[in-house]
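Shown here: coords33.cif, mmCIF, C-alpha atoms.
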```cif
data_target
loop_
_atom_site.label_atom_id
_atom_site.label_comp_id
_atom_site.auth_asym_id
_atom_site.auth_seq_id
_atom_site.Cartn_x
_atom_site.Cartn_y
_atom_site.Cartn_z
CA MET A 28 12.77 -7.38 20.16
CA PHE A 29 10.64 -6.35 17.20
CA ALA A 30 7.12 -7.33 16.26
CA LEU A 31 5.22 -7.36 12.99
CA ALA A 32 1.44 -7.05 13.04
CA ASP A 33 0.07 -8.33 9.73
CA CYS A 34 -3.66 -8.21 8.96
CA ASN A 35 -4.87 -11.50 7.48
CA ASN A 36 -6.33 -11.21 3.96
CA PHE A 37 -6.87 -7.57 4.84
CA PHE A 38 -9.21 -6.33 2.10
CA VAL A 39 -11.37 -9.43 2.43
CA SER A 40 -11.39 -9.12 6.22
CA CYS A 41 -12.56 -5.49 5.96
CA GLU A 42 -15.55 -6.59 3.88
CA ARG A 43 -16.36 -9.44 6.26
CA VAL A 44 -16.49 -7.12 9.28
CA PHE A 45 -19.74 -5.73 7.90
CA ARG A 46 -20.83 -8.95 6.20
CA PRO A 47 -20.42 -11.65 8.86
CA ASP A 48 -22.51 -13.98 6.70
CA LEU A 49 -19.45 -14.30 4.46
CA GLU A 50 -17.26 -15.93 7.11
CA HIS A 51 -15.88 -19.28 5.91
CA THR A 52 -17.05 -18.63 2.33
CA PRO A 53 -14.94 -17.83 -0.77
CA VAL A 54 -14.50 -14.04 -1.11
CA VAL A 55 -12.40 -12.10 -3.64
CA VAL A 56 -11.62 -8.37 -3.82
CA LEU A 57 -10.95 -7.01 -7.31
CA SER A 58 -8.50 -4.40 -8.57
CA ASN A 59 -9.42 -1.02 -10.08
CA ASN A 60 -12.03 -1.38 -12.83
CA ASP A 61 -12.84 -4.86 -11.50
CA GLY A 62 -9.95 -6.27 -13.49
CA CYS A 63 -8.32 -9.01 -11.44
CA ALA A 64 -8.08 -10.53 -7.96
CA ILE A 65 -5.95 -8.56 -5.48
CA ALA A 66 -7.18 -10.21 -2.26
CA ARG A 67 -8.59 -13.67 -1.62
CA SER A 68 -10.00 -15.44 1.39
CA ASN A 69 -8.41 -18.75 2.34
CA GLU A 70 -11.45 -20.52 0.90
CA ALA A 71 -10.97 -18.76 -2.45
CA LYS A 72 -7.28 -19.68 -2.44
CA ARG A 73 -8.15 -23.34 -1.90
CA MET A 74 -10.47 -23.16 -4.91
CA GLY A 75 -7.44 -22.28 -7.04
CA ILE A 76 -8.11 -18.57 -7.61
CA LYS A 77 -4.69 -16.95 -7.97
CA MET A 78 -3.44 -13.49 -7.07
CA GLY A 79 -3.73 -11.27 -10.14
CA GLN A 80 -6.02 -13.69 -11.96
CA PRO A 81 -8.41 -11.84 -14.32
CA MET A 82 -12.02 -11.84 -13.19
CA PHE A 83 -13.36 -13.23 -16.46
CA GLU A 84 -11.50 -16.49 -15.77
CA PHE A 85 -13.61 -17.19 -12.67
CA ARG A 86 -16.75 -15.29 -13.66
CA HIS A 87 -18.70 -18.55 -13.79
CA LEU A 88 -18.03 -19.05 -10.07
CA ILE A 89 -19.37 -15.55 -9.37
CA GLU A 90 -22.50 -16.03 -11.47
CA SER A 91 -23.21 -19.38 -9.80
CA GLY A 92 -22.97 -17.79 -6.35
CA THR A 93 -19.97 -19.91 -5.35
CA VAL A 94 -17.68 -16.91 -4.95
CA THR A 95 -18.58 -13.43 -3.66
CA VAL A 96 -16.63 -10.53 -5.17
CA PHE A 97 -16.17 -6.90 -4.15
CA SER A 98 -14.78 -3.92 -6.02
CA SER A 99 -11.88 -2.17 -4.30
CA ASN A 100 -13.16 0.14 -1.55
CA PHE A 101 -9.97 1.91 -0.51
CA ALA A 102 -11.81 4.52 1.56
CA LEU A 103 -13.08 1.72 3.79
CA TYR A 104 -9.76 -0.16 3.84
CA GLY A 105 -7.77 2.96 4.72
CA ASP A 106 -10.04 3.79 7.64
CA MET A 107 -9.99 0.21 8.95
CA SER A 108 -6.19 0.26 8.70
CA ARG A 109 -6.13 3.43 10.80
CA ARG A 110 -8.29 1.74 13.44
CA VAL A 111 -5.94 -1.24 13.63
CA GLN A 112 -2.92 1.08 13.97
CA GLN A 113 -4.70 2.98 16.73
CA THR A 114 -5.24 -0.28 18.61
CA LEU A 115 -1.60 -1.29 18.18
CA SER A 116 -0.44 2.05 19.58
CA ASP A 117 -2.12 1.20 22.89
CA PHE A 118 0.22 -1.77 23.35
CA ALA A 119 3.56 -0.53 22.00
CA PRO A 120 6.08 2.26 22.64
CA SER A 121 6.42 3.06 18.92
CA ILE A 122 5.02 1.86 15.60
CA GLU A 123 6.28 1.99 12.02
CA VAL A 124 3.48 1.67 9.46
CA TYR A 125 5.01 -0.46 6.72
CA SER A 126 1.94 -0.80 4.49
CA ILE A 127 -1.83 -0.57 4.70
CA ASP A 128 -2.00 -3.99 6.38
CA GLU A 129 1.40 -4.29 8.09
CA SER A 130 3.05 -2.42 10.96
CA PHE A 131 6.38 -2.99 12.68
CA ILE A 132 6.48 -2.46 16.44
CA ASP A 133 9.59 -1.55 18.43
CA LEU A 134 9.51 -3.51 21.70
CA ARG A 135 12.81 -2.26 23.08
CA GLY A 136 10.93 0.07 25.42
CA LEU A 137 9.13 -2.81 27.17
CA ASP A 138 10.40 -4.52 30.29
CA SER A 139 12.92 -7.28 29.57
CA GLY A 140 10.84 -9.71 31.65
CA THR A 141 7.80 -9.31 29.39
CA ASP A 142 6.21 -12.54 28.20
CA PHE A 143 6.25 -11.61 24.50
CA ASP A 144 4.27 -14.68 23.49
CA LEU A 145 1.39 -13.63 25.77
CA TRP A 146 1.82 -10.01 24.63
CA ALA A 147 1.54 -11.01 20.95
CA LYS A 148 -1.58 -13.10 21.56
CA THR A 149 -3.15 -10.27 23.57
CA VAL A 150 -2.50 -7.72 20.82
CA SER A 151 -3.97 -10.06 18.20
CA ARG A 152 -7.05 -10.71 20.33
CA GLU A 153 -7.64 -7.01 21.05
CA CYS A 154 -7.30 -6.04 17.38
CA ARG A 155 -9.95 -8.60 16.50
CA ARG A 156 -12.22 -7.51 19.35
CA ARG A 157 -11.97 -3.76 18.67
CA THR A 158 -11.91 -3.72 14.86
CA GLY A 159 -13.09 -7.14 13.69
CA ILE A 160 -9.86 -7.62 11.71
CA PRO A 161 -7.82 -10.82 12.33
CA VAL A 162 -4.17 -9.86 12.90
CA SER A 163 -1.09 -12.09 13.08
CA VAL A 164 1.59 -10.78 15.45
CA GLY A 165 5.11 -12.19 15.15
CA VAL A 166 7.87 -11.30 17.63
CA SER A 167 11.61 -11.89 17.27
CA GLN A 168 15.06 -10.27 17.50
CA THR A 169 14.97 -8.67 14.03
CA LYS A 170 12.40 -7.34 11.58
CA THR A 171 13.05 -10.17 9.13
CA LEU A 172 12.57 -12.87 11.75
CA ALA A 173 9.46 -11.09 13.07
CA LYS A 174 8.01 -11.21 9.56
CA ILE A 175 8.64 -14.95 9.41
CA ALA A 176 7.04 -15.39 12.84
CA SER A 177 3.91 -13.54 11.71
CA LYS A 178 3.60 -15.92 8.75
CA LEU A 179 3.67 -18.86 11.17
CA CYS A 180 0.62 -17.41 12.91
CA LYS A 181 -1.31 -17.60 9.64
CA GLN A 182 -0.24 -21.19 8.99
CA TYR A 183 -0.89 -22.56 12.47
CA PRO A 184 -4.18 -21.61 14.23
CA ALA A 185 -2.78 -23.08 17.47
CA THR A 186 -0.63 -19.94 17.84
CA LYS A 187 -3.87 -17.98 18.49
CA GLY A 188 -2.61 -15.06 16.43
CA GLY A 189 0.68 -14.54 18.28
CA CYS A 190 4.13 -16.14 17.99
CA TRP A 191 7.34 -15.33 19.87
CA MET A 192 10.27 -16.88 17.98
CA HIS A 193 13.44 -16.46 20.02
CA ARG A 194 15.06 -19.82 20.88
CA SER A 195 17.85 -20.83 18.50
CA ALA A 196 16.51 -24.35 18.10
CA ASP A 197 13.05 -23.07 17.20
CA ILE A 198 14.46 -20.56 14.70
CA GLU A 199 16.50 -23.27 13.00
CA LYS A 200 13.48 -25.57 12.85
CA VAL A 201 11.40 -22.86 11.19
CA LEU A 202 14.10 -21.75 8.74
CA ARG A 203 14.68 -25.33 7.58
CA LYS A 204 11.09 -25.42 6.24
CA PHE A 205 10.59 -21.77 5.29
CA PRO A 206 10.68 -21.22 1.47
CA ILE A 207 13.50 -19.01 0.24
CA ASP A 208 10.98 -17.19 -1.99
CA ASP A 209 9.18 -15.82 1.07
CA ILE A 210 12.20 -14.27 2.80
CA TRP A 211 11.78 -10.51 3.10
CA GLY A 212 14.58 -8.89 1.07
CA ILE A 213 15.13 -11.72 -1.42
CA GLY A 214 13.31 -10.94 -4.63
CA ARG A 215 11.95 -13.26 -7.26
CA ARG A 216 15.07 -12.96 -9.44
CA PHE A 217 17.49 -13.97 -6.69
CA SER A 218 15.32 -16.78 -5.34
CA ARG A 219 14.97 -18.27 -8.83
CA ARG A 220 18.73 -18.04 -9.37
CA PHE A 221 19.52 -19.63 -6.00
CA LYS A 222 17.16 -22.50 -6.72
CA GLU A 223 18.29 -23.21 -10.26
CA TYR A 224 22.07 -22.83 -9.86
CA PHE A 225 22.78 -23.57 -6.20
CA GLY A 226 19.95 -25.85 -5.08
CA MET A 227 18.91 -23.43 -2.32
CA ASN A 228 15.23 -23.91 -1.52
CA THR A 229 14.82 -22.85 2.10
CA ALA A 230 15.75 -19.96 4.38
CA TRP A 231 18.11 -22.34 6.17
CA ASP A 232 20.07 -22.89 2.95
CA PHE A 233 20.55 -19.13 2.73
CA TYR A 234 21.35 -18.90 6.45
CA CYS A 235 24.16 -21.47 6.18
CA ARG A 236 25.98 -19.72 3.33
CA ASP A 237 29.22 -17.89 3.98
CA GLU A 238 28.98 -14.10 4.38
CA GLY A 239 31.55 -13.60 1.61
CA TRP A 240 29.46 -15.69 -0.78
CA ILE A 241 26.35 -13.68 0.09
CA ASN A 242 28.29 -10.47 -0.59
CA SER A 243 29.49 -11.67 -3.98
CA GLU A 244 25.97 -12.71 -5.04
CA MET A 245 23.75 -9.99 -3.58
CA GLY A 246 25.96 -7.25 -2.17
CA LEU A 247 25.09 -5.16 0.87
CA SER A 248 21.35 -5.83 0.76
CA GLY A 249 21.98 -9.58 0.87
CA ILE A 250 24.36 -9.28 3.81
CA ARG A 251 21.77 -7.27 5.67
CA THR A 252 19.12 -9.96 5.15
CA TRP A 253 21.63 -12.71 6.06
CA LYS A 254 22.55 -10.96 9.33
CA GLU A 255 18.90 -10.38 10.16
CA LEU A 256 18.29 -14.14 9.87
CA HIS A 257 21.20 -14.63 12.28
CA GLY A 258 19.48 -12.39 14.83
CA ILE A 259 21.56 -9.25 14.17
CA PRO A 260 19.29 -6.19 13.61
CA CYS A 261 20.37 -4.36 10.43
CA ILE A 262 17.15 -2.71 9.25
CA ASP A 263 16.49 0.58 11.02
CA PHE A 264 13.23 1.24 12.80
CA GLU A 265 11.35 4.42 11.94
CA ASP A 266 9.02 5.64 14.68
CA THR A 267 6.89 7.52 12.15
CA ALA A 268 6.56 7.10 8.41
CA GLN A 269 9.16 9.14 6.58
CA ALA A 270 8.01 11.82 4.18
CA LYS A 271 7.73 10.44 0.67
CA LYS A 272 10.33 11.59 -1.80
CA GLN A 273 7.91 11.14 -4.67
CA ILE A 274 4.12 11.18 -4.82
CA MET A 275 2.23 9.60 -7.70
CA ILE A 276 -1.49 9.48 -8.39
CA SER A 277 -2.56 7.52 -11.48
CA ARG A 278 -5.56 5.51 -12.58
CA THR A 279 -6.75 3.31 -15.40
CA PHE A 280 -10.11 4.52 -16.70
CA ALA A 281 -13.16 2.34 -17.18
CA LYS A 282 -13.53 3.64 -20.74
CA GLU A 283 -11.08 5.33 -23.06
CA ILE A 284 -11.16 9.14 -22.93
CA SER A 285 -10.70 11.00 -26.20
CA CYS A 286 -12.02 14.42 -25.11
CA LEU A 287 -9.41 16.87 -23.78
CA ASP A 288 -11.83 18.56 -21.36
CA GLU A 289 -12.83 15.23 -19.82
CA LEU A 290 -9.21 14.09 -19.54
CA SER A 291 -8.21 17.46 -18.04
CA ALA A 292 -10.89 17.12 -15.37
CA GLN A 293 -9.51 13.73 -14.33
CA VAL A 294 -5.85 14.81 -14.34
CA SER A 295 -6.74 17.96 -12.42
CA MET A 296 -8.37 15.80 -9.77
CA PHE A 297 -5.20 13.66 -9.57
CA CYS A 298 -3.25 16.89 -9.11
CA SER A 299 -5.54 17.95 -6.26
CA MET A 300 -5.16 14.56 -4.56
CA ALA A 301 -1.37 14.58 -4.91
CA THR A 302 -0.93 18.11 -3.57
CA GLU A 303 -3.17 17.30 -0.62
CA LYS A 304 -0.84 14.40 0.23
CA LEU A 305 2.11 16.75 -0.21
CA ARG A 306 0.75 19.25 2.30
CA LYS A 307 -0.22 16.50 4.72
CA GLN A 308 3.46 15.54 5.09
CA HIS A 309 4.46 19.25 5.30
CA SER A 310 6.45 19.20 2.06
CA CYS A 311 6.82 21.12 -1.19
CA CYS A 312 7.79 19.83 -4.64
CA GLY A 313 10.20 21.24 -7.19
CA SER A 314 8.81 19.46 -10.24
CA ALA A 315 5.76 17.63 -11.56
CA THR A 316 5.34 15.11 -14.36
CA VAL A 317 2.06 14.44 -16.16
CA PHE A 318 1.65 11.34 -18.33
CA ILE A 319 -1.12 9.90 -20.49
CA MET A 320 -1.31 6.50 -22.17
CA THR A 321 -3.58 4.74 -24.61
CA ASN A 322 -4.53 1.10 -24.11
CA ARG A 323 -1.21 -0.74 -23.88
CA PHE A 324 -2.77 -3.84 -25.43
CA HIS A 325 -3.33 -2.02 -28.70
CA THR A 326 -0.78 -3.23 -31.23
CA ASP A 327 -1.66 -0.85 -34.05
CA SER A 328 -0.55 2.71 -34.75
CA ARG A 329 -3.23 4.08 -32.40
CA SER A 330 -1.06 3.25 -29.40
CA LEU A 331 0.57 6.26 -27.74
CA SER A 332 2.31 7.20 -24.49
CA SER A 333 3.32 10.78 -23.70
CA SER A 334 4.68 12.67 -20.69
CA ARG A 335 5.92 16.15 -19.82
CA LEU A 336 8.08 17.37 -16.91
CA VAL A 337 7.37 20.77 -15.39
CA GLN A 338 9.86 22.43 -13.04
CA PHE A 339 9.00 25.18 -10.58
CA PRO A 340 11.42 28.05 -9.91
CA ILE A 341 10.41 27.88 -6.23
CA SER A 342 9.28 24.65 -4.59
CA THR A 343 5.55 24.78 -3.89
CA ASP A 344 2.63 22.93 -2.32
CA SER A 345 -0.09 25.08 -3.88
CA THR A 346 -2.74 23.18 -5.81
CA LEU A 347 -3.42 26.32 -7.85
CA GLU A 348 0.18 26.75 -8.96
CA ILE A 349 0.90 23.08 -9.64
CA ASN A 350 -2.45 22.46 -11.34
CA ALA A 351 -2.00 25.41 -13.73
CA ALA A 352 1.42 24.13 -14.82
CA VAL A 353 0.18 20.55 -15.20
CA MET A 354 -2.83 21.64 -17.29
CA ASN A 355 -0.56 23.54 -19.69
CA ALA A 356 1.68 20.47 -20.02
CA LEU A 357 -1.32 18.21 -20.60
CA HIS A 358 -2.56 20.44 -23.43
CA ASP A 359 0.87 20.19 -25.07
CA ILE A 360 1.03 16.38 -25.06
CA PHE A 361 -2.63 15.61 -25.82
CA ARG A 362 -3.28 14.36 -29.35
CA LYS A 363 -6.69 14.33 -31.00
CA GLY A 364 -7.94 11.05 -32.37
CA TYR A 365 -6.53 8.92 -29.57
CA GLY A 366 -8.48 7.27 -26.76
CA TYR A 367 -6.54 7.48 -23.50
CA LYS A 368 -6.90 4.60 -21.04
CA ARG A 369 -4.54 5.75 -18.28
CA ALA A 370 -3.23 9.04 -16.91
CA GLY A 371 -1.36 10.25 -13.87
CA ILE A 372 0.79 12.84 -12.17
CA ILE A 373 4.08 12.51 -10.28
CA LEU A 374 5.37 15.12 -7.82
CA SER A 375 9.16 15.00 -7.43
CA ASP A 376 12.10 16.92 -5.92
CA ILE A 377 10.22 16.95 -2.62
CA ILE A 378 11.67 18.88 0.33
CA PRO A 379 10.33 19.94 3.77
CA ASN A 380 8.23 23.10 3.51
CA ASP A 381 10.49 24.92 5.99
CA ARG A 382 13.49 24.55 3.66
CA VAL A 383 12.07 26.28 0.59
CA GLN A 384 14.46 28.82 -0.93
CA LEU A 385 12.46 31.97 -1.76
CA SER A 386 13.28 34.64 -4.33
CA PHE A 387 13.07 38.43 -4.44
CA PHE A 388 11.52 38.15 -7.90
CA ASP A 389 8.73 35.76 -6.89
CA GLU A 390 5.39 37.01 -8.22
CA VAL A 391 3.21 34.46 -6.39
CA ASP A 392 1.47 35.55 -3.18
CA ARG A 393 2.52 32.45 -1.25
CA ASN A 394 1.00 33.50 2.06
CA ARG A 395 -2.37 33.88 0.39
CA HIS A 396 -2.01 30.50 -1.36
CA SER A 397 -1.04 28.88 1.93
CA ARG A 398 -4.11 30.22 3.73
CA LEU A 399 -6.39 29.13 0.89
CA MET A 400 -4.91 25.62 0.77
CA SER A 401 -5.35 25.32 4.55
CA VAL A 402 -9.04 26.19 4.25
CA MET A 403 -9.55 23.76 1.33
CA ASP A 404 -7.90 20.90 3.22
CA SER A 405 -9.96 21.65 6.32
CA ILE A 406 -13.24 21.60 4.37
CA ASN A 407 -12.35 18.37 2.56
CA ARG A 408 -11.30 16.68 5.81
CA ARG A 409 -14.52 17.65 7.50
CA ASN A 410 -16.96 17.04 4.64
CA GLY A 411 -15.21 14.44 2.51
CA HIS A 412 -12.85 14.38 -0.46
CA ASN A 413 -13.69 16.58 -3.44
CA THR A 414 -16.13 18.71 -1.44
CA ILE A 415 -14.22 21.70 -2.76
CA GLY A 416 -11.53 21.91 -5.42
CA VAL A 417 -10.21 23.90 -8.36
CA ALA A 418 -12.59 24.71 -11.21
CA SER A 419 -10.84 22.44 -13.72
CA GLN A 420 -11.10 19.23 -11.71
CA SER A 421 -13.84 16.64 -11.68
CA LEU A 422 -15.77 16.49 -8.43
CA ASP A 423 -17.64 13.35 -9.48
CA GLY A 424 -14.81 10.98 -8.66
CA ILE A 425 -12.58 8.85 -10.84
CA LYS A 426 -14.28 7.10 -13.72
CA MET A 427 -13.87 3.39 -13.00
CA ASN A 428 -15.88 0.20 -13.26
CA ARG A 429 -16.91 -0.72 -9.72
CA GLU A 430 -20.00 -2.85 -10.13
CA HIS A 431 -19.45 -4.72 -6.86
CA LEU A 432 -18.59 -1.79 -4.57
CA SER A 433 -19.57 -2.12 -0.93
CA PRO A 434 -20.76 0.88 1.13
CA CYS A 435 -18.19 3.11 2.88
CA TYR A 436 -19.52 2.04 6.27
CA THR A 437 -17.09 4.05 8.39
CA THR A 438 -16.40 7.13 6.26
CA ASP A 439 -19.78 8.11 4.80
CA TRP A 440 -22.73 9.19 6.97
CA ASN A 441 -25.15 7.84 4.37
CA SER A 442 -23.59 4.37 4.56
CA ILE A 443 -23.65 3.85 8.31
CA ILE A 444 -25.31 0.57 9.20
CA THR A 445 -28.82 0.87 10.70
CA VAL A 446 -29.59 -1.59 13.47
CA LYS A 447 -33.26 -2.57 13.71
CA CYS A 448 -34.60 -4.06 16.93
#
```
Show this structure as structure tokens.
Amino acid sequence: MFALADCNNFFVSCERVFRPDLEHTPVVVLSNNDGCAIARSNEAKRMGIKMGQPMFEFRHLIESGTVTVFSSNFALYGDMSRRVQQTLSDFAPSIEVYSIDESFIDLRGLDSGTDFDLWAKTVSRECRRRTGIPVSVGVSQTKTLAKIASKLCKQYPATKGGCWMHRSADIEKVLRKFPIDDIWGIGRRFSRRFKEYFGMNTAWDFYCRDEGWINSEMGLSGIRTWKELHGIPCIDFEDTAQAKKQIMISRTFAKEISCLDELSAQVSMFCSMATEKLRKQHSCCGSATVFIMTNRFHTDSRSLSSSRLVQFPISTDSTLEINAAVMNALHDIFRKGYGYKRAGIILSDIIPNDRVQLSFFDEVDRNRHSRLMSVMDSINRRNGHNTIGVASQSLDGIKMNREHLSPCYTTDWNSIITVKC
């Protein structure tokens, strides 16, 4: 048995924990720079606000007070996600964090006589009680079926947040109504093709197809999804999140940046953030790519996109070493007269830090760098991000439009709620 714990309208739910007056009202969370909707309450969905819809299209609803909006507060969302995962770990042998609002749970360590329906409802109730976040918990024989079961919890309040889908008749009944677009592992391109050319509209239509036909249309990934729907586990469970093979930090700026020093400060901060993630997973990188872009909606000759790859002779996790190379690359690709709207850095060729091949001719004092990075990470963990960094980076944060930003209630001492008697 596997379970999927999926937080309902997660970003919106995080905001509502500290704003209970917004329960049962339309709420929307906006993307970076307050561009478009990336999370909507059920009430906002019923009003017709779509995922990815630009804010200006429903600005009149905001100004009239009909809809409440928030700028993205990822510091808050990340901490609330950690609290939910901590709660889940009290009820499960092992957890795989799939995304900020979803976690798979391996139930094979529990007693075979466990009432998984009661277990799912209990986990959902405890997550809500301890964190304030509503969580849908679906249980079934495979990850794919567990994902479908969790969606049922959102559709039917009678499930009380937990659904154990295990009887063949019940699975068939659900699959006959479940849209093929929503099956985990079937992308938009395949679902559109299946609908247009083969009249396949539901998960049951996919389920009933011959394995050979699935193989000819989708290959191995399709067979894996098809077997998962038949109750045969084919997607491995990872007890802990695997180390990332690539780390990217990029942002779209609130205003175009045409000054090299200002752009360097932002890119240097991205570099610091990326290397901190690199060290957190005990890895080193062999290369780094820096890229800068003007506004992609410009159609004239002032549009520009440039990038530069830097390779390191010895894989490293040092912010000092990586930042110096990235800054040199940025100076090479920067062009005067252009206003840059987006920039970022990508760390690649990532390997575990205990597998780095050293060299007799290495001129970098790596032990000294390692001790310094350890101290920097410790200070930033204890006192907050960007408390200390390299001289070239901006310590004022990323320049973005966030006019509707809520306080960081759980990660900033100055934002802790004061209760008055």
Exercise for the section: Could you list the residues chosen by the PyMOL selection byres ((chain A and resi 379-384) around 6) in this structure as a list in words? Expected result: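 For this structure, the PyMOL selection byres ((chain A and resi 379-384) around 6) captures His309, Ser310, Cys311, Ile378 and Leu385 of chain A.
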Problem - Counting all atoms listed in the file, the option among A:Ala147, A:Leu357, A:Ala351, A:Ile207 closest to Gly226 in chain A - result: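 Looking only at the distances to Gly226 in chain A, the closest residue turns out to be A:Ile207.
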Handout entry: A:Ile284, A:Leu31, A:Ala301, A:Ile250 ranked by distance to Ser167 in chain A, top pick (using all atoms listed in the file)
Key =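 Among A:Ile284, A:Leu31, A:Ala301, A:Ile250, it is A:Leu31 that comes nearest to Ser167 in chain A.
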Exercise for the section: Taking the file above as input, evaluate the PyMOL selection byres ((chain A and resi 289) around 12) and report the hits as a ChimeraX atom specification. Expected result: /A:280,282-288,290-296,357,361,366-367,370,419-423,425-426
Practice task
Run the PyMOL selection byres ((chain A and resi 178) around 10) mentally over the shown coordinates, then write out the matched residues as a list in words, using the chain letters and numbers from the document.
Solution key: Leu31, Asp33, Asn35, Ser163, Val164, Gly165, Leu172, Ala173, Lys174, Ile175, Ala176, Ser177, Leu179, Cys180, Lys181, Gln182, Tyr183, Gly188, Cys190, Phe205 and Asp209 of chain A
Residues as selected, C-alpha atoms, written as a PDB file, in the frame of the given file, can you do that?
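File produced: part-v4.pdb:
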```pdb
ATOM      1  CA  LEU A  31       5.220  -7.360  12.990  1.00  0.00           C
ATOM      2  CA  ASP A  33       0.070  -8.330   9.730  1.00  0.00           C
ATOM      3  CA  ASN A  35      -4.870 -11.500   7.480  1.00  0.00           C
ATOM      4  CA  SER A 163      -1.090 -12.090  13.080  1.00  0.00           C
ATOM      5  CA  VAL A 164       1.590 -10.780  15.450  1.00  0.00           C
ATOM      6  CA  GLY A 165       5.110 -12.190  15.150  1.00  0.00           C
ATOM      7  CA  LEU A 172      12.570 -12.870  11.750  1.00  0.00           C
ATOM      8  CA  ALA A 173       9.460 -11.090  13.070  1.00  0.00           C
ATOM      9  CA  LYS A 174       8.010 -11.210   9.560  1.00  0.00           C
ATOM     10  CA  ILE A 175       8.640 -14.950   9.410  1.00  0.00           C
ATOM     11  CA  ALA A 176       7.040 -15.390  12.840  1.00  0.00           C
ATOM     12  CA  SER A 177       3.910 -13.540  11.710  1.00  0.00           C
ATOM     13  CA  LEU A 179       3.670 -18.860  11.170  1.00  0.00           C
ATOM     14  CA  CYS A 180       0.620 -17.410  12.910  1.00  0.00           C
ATOM     15  CA  LYS A 181      -1.310 -17.600   9.640  1.00  0.00           C
ATOM     16  CA  GLN A 182      -0.240 -21.190   8.990  1.00  0.00           C
ATOM     17  CA  TYR A 183      -0.890 -22.560  12.470  1.00  0.00           C
ATOM     18  CA  GLY A 188      -2.610 -15.060  16.430  1.00  0.00           C
ATOM     19  CA  CYS A 190       4.130 -16.140  17.990  1.00  0.00           C
ATOM     20  CA  PHE A 205      10.590 -21.770   5.290  1.00  0.00           C
ATOM     21  CA  ASP A 209       9.180 -15.820   1.070  1.00  0.00           C
TER      22      ASP A 209
END
```
Handout entry: Length of the CA of Arg362 in chain A to CA of Gln338 in chain A vector [Å]
Key =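 These atoms are spaced 22.4 Å apart.
Closest approach to Arg216 in chain A from the set A:Cys235, A:Val201, A:Arg152, A:Glu244 is made by A:Glu244, with distances taken over only C-alpha atoms.
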Exercise for the section: Between CA of Glu70 in chain A and CA of Pro53 in chain A, measure the distance and give it in Å to one decimal. Expected result: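 Interatomic distance here is 4.7 Å.
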Problem - Residues within 12 Å of Leu88 in chain A, all atoms listed in the file, excluding chain neighbours under 3 positions, as a list in words - result: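 These residues fall inside the cut-off: Pro53, Val54, Val55, Ala71, Met74, Gly75, Ile76, Met82, Phe83, Glu84, Phe85, Ser91, Gly92, Thr93, Val94, Thr95 and Val96 of chain A.
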Exercise for the section: Take CA of Gly249 in chain A and CA of Gly189 in chain A and report the distance between them in Å, one decimal. Expected result: 28.0 Å
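Among the candidates A:Val317, A:Cys41, A:Ile341, A:Leu137, the residue lying nearest to Phe388 in chain A is A:Ile341 (atoms considered: only C-alpha atoms).
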Completion exercise
Using only C-alpha atoms, the residue out of A:Thr52, A:Ser151, A:Ser375, A:Gln168 with shortest distance to Trp191 in chain A is A:Gln168
Handout entry: Expected answer as an MDAnalysis selection string: all residues with atoms within 12 Å of (21.7, -21.6, -3.9), all atoms listed in the file
Key = chainID A and resid 207:208 217:237 240:241 244:245
Exercise for the section: Choose the residue, out of A:Asn441, A:Ser386, A:Asn322, A:Ser195, that has the smallest atom-to-atom separation from Pro340 in chain A; count only C-alpha atoms. Expected result: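 Looking at the shortest contact to Pro340 in chain A, the residue is A:Ser386.
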To box range 366-373 of chain A, take all atoms listed in the file, fit an axis-aligned box, add 5 Å on each side, and give centre and edge lengths in Å to one decimal, as JSON.
```
{"center_x": -2.2, "center_y": 8.7, "center_z": -18.5, "size_x": 22.6, "size_y": 18.2, "size_z": 26.5}
```
Handout entry: Test item: residues at most 10 Å from Arg429 in chain A, all atoms listed in the file, excluding those fewer than 6 positions along its chain, as a list in words
Key =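 Returned residues: Leu57, Ser58, Asn59, Asn60, Asp61, Gly62, Phe97, Ser98, Ser99, Asn100 and Ala281 of chain A.
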For the selection you just gave me, I'd like the residues written to a file as a compact mmCIF listing (two decimals), in the coordinates of the input, keeping C-alpha atoms.
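To be explicit, this is the file written out as part-v2.txt:
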```txt
# COMPACT_ATOMS: atom_id res chain seq x y z
CA LEU A 57 -10.95 -7.01 -7.31
CA SER A 58 -8.50 -4.40 -8.57
CA ASN A 59 -9.42 -1.02 -10.08
CA ASN A 60 -12.03 -1.38 -12.83
CA ASP A 61 -12.84 -4.86 -11.50
CA GLY A 62 -9.95 -6.27 -13.49
CA PHE A 97 -16.17 -6.90 -4.15
CA SER A 98 -14.78 -3.92 -6.02
CA SER A 99 -11.88 -2.17 -4.30
CA ASN A 100 -13.16 0.14 -1.55
CA ALA A 281 -13.16 2.34 -17.18
```
Handout entry: Distance query 7 Å from (-1.6, 5.5, -13.7) using only C-alpha atoms, result as an MDAnalysis selection string
Key = chainID A and resid 276:279 369:371
Do you know which residues are at most 7 Å from Leu103 in chain A counting all atoms listed in the file, after dropping those on the same chain fewer than 4 positions away, and could you put them as a PDB file with C-alpha atoms, in the frame of the given file?
```
ATOM      1  CA  MET A 107      -9.990   0.210   8.950  1.00  0.00           C
ATOM      2  CA  CYS A 435     -18.190   3.110   2.880  1.00  0.00           C
ATOM      3  CA  TYR A 436     -19.520   2.040   6.270  1.00  0.00           C
ATOM      4  CA  THR A 437     -17.090   4.050   8.390  1.00  0.00           C
ATOM      5  CA  THR A 438     -16.400   7.130   6.260  1.00  0.00           C
TER       6      THR A 438
END
```
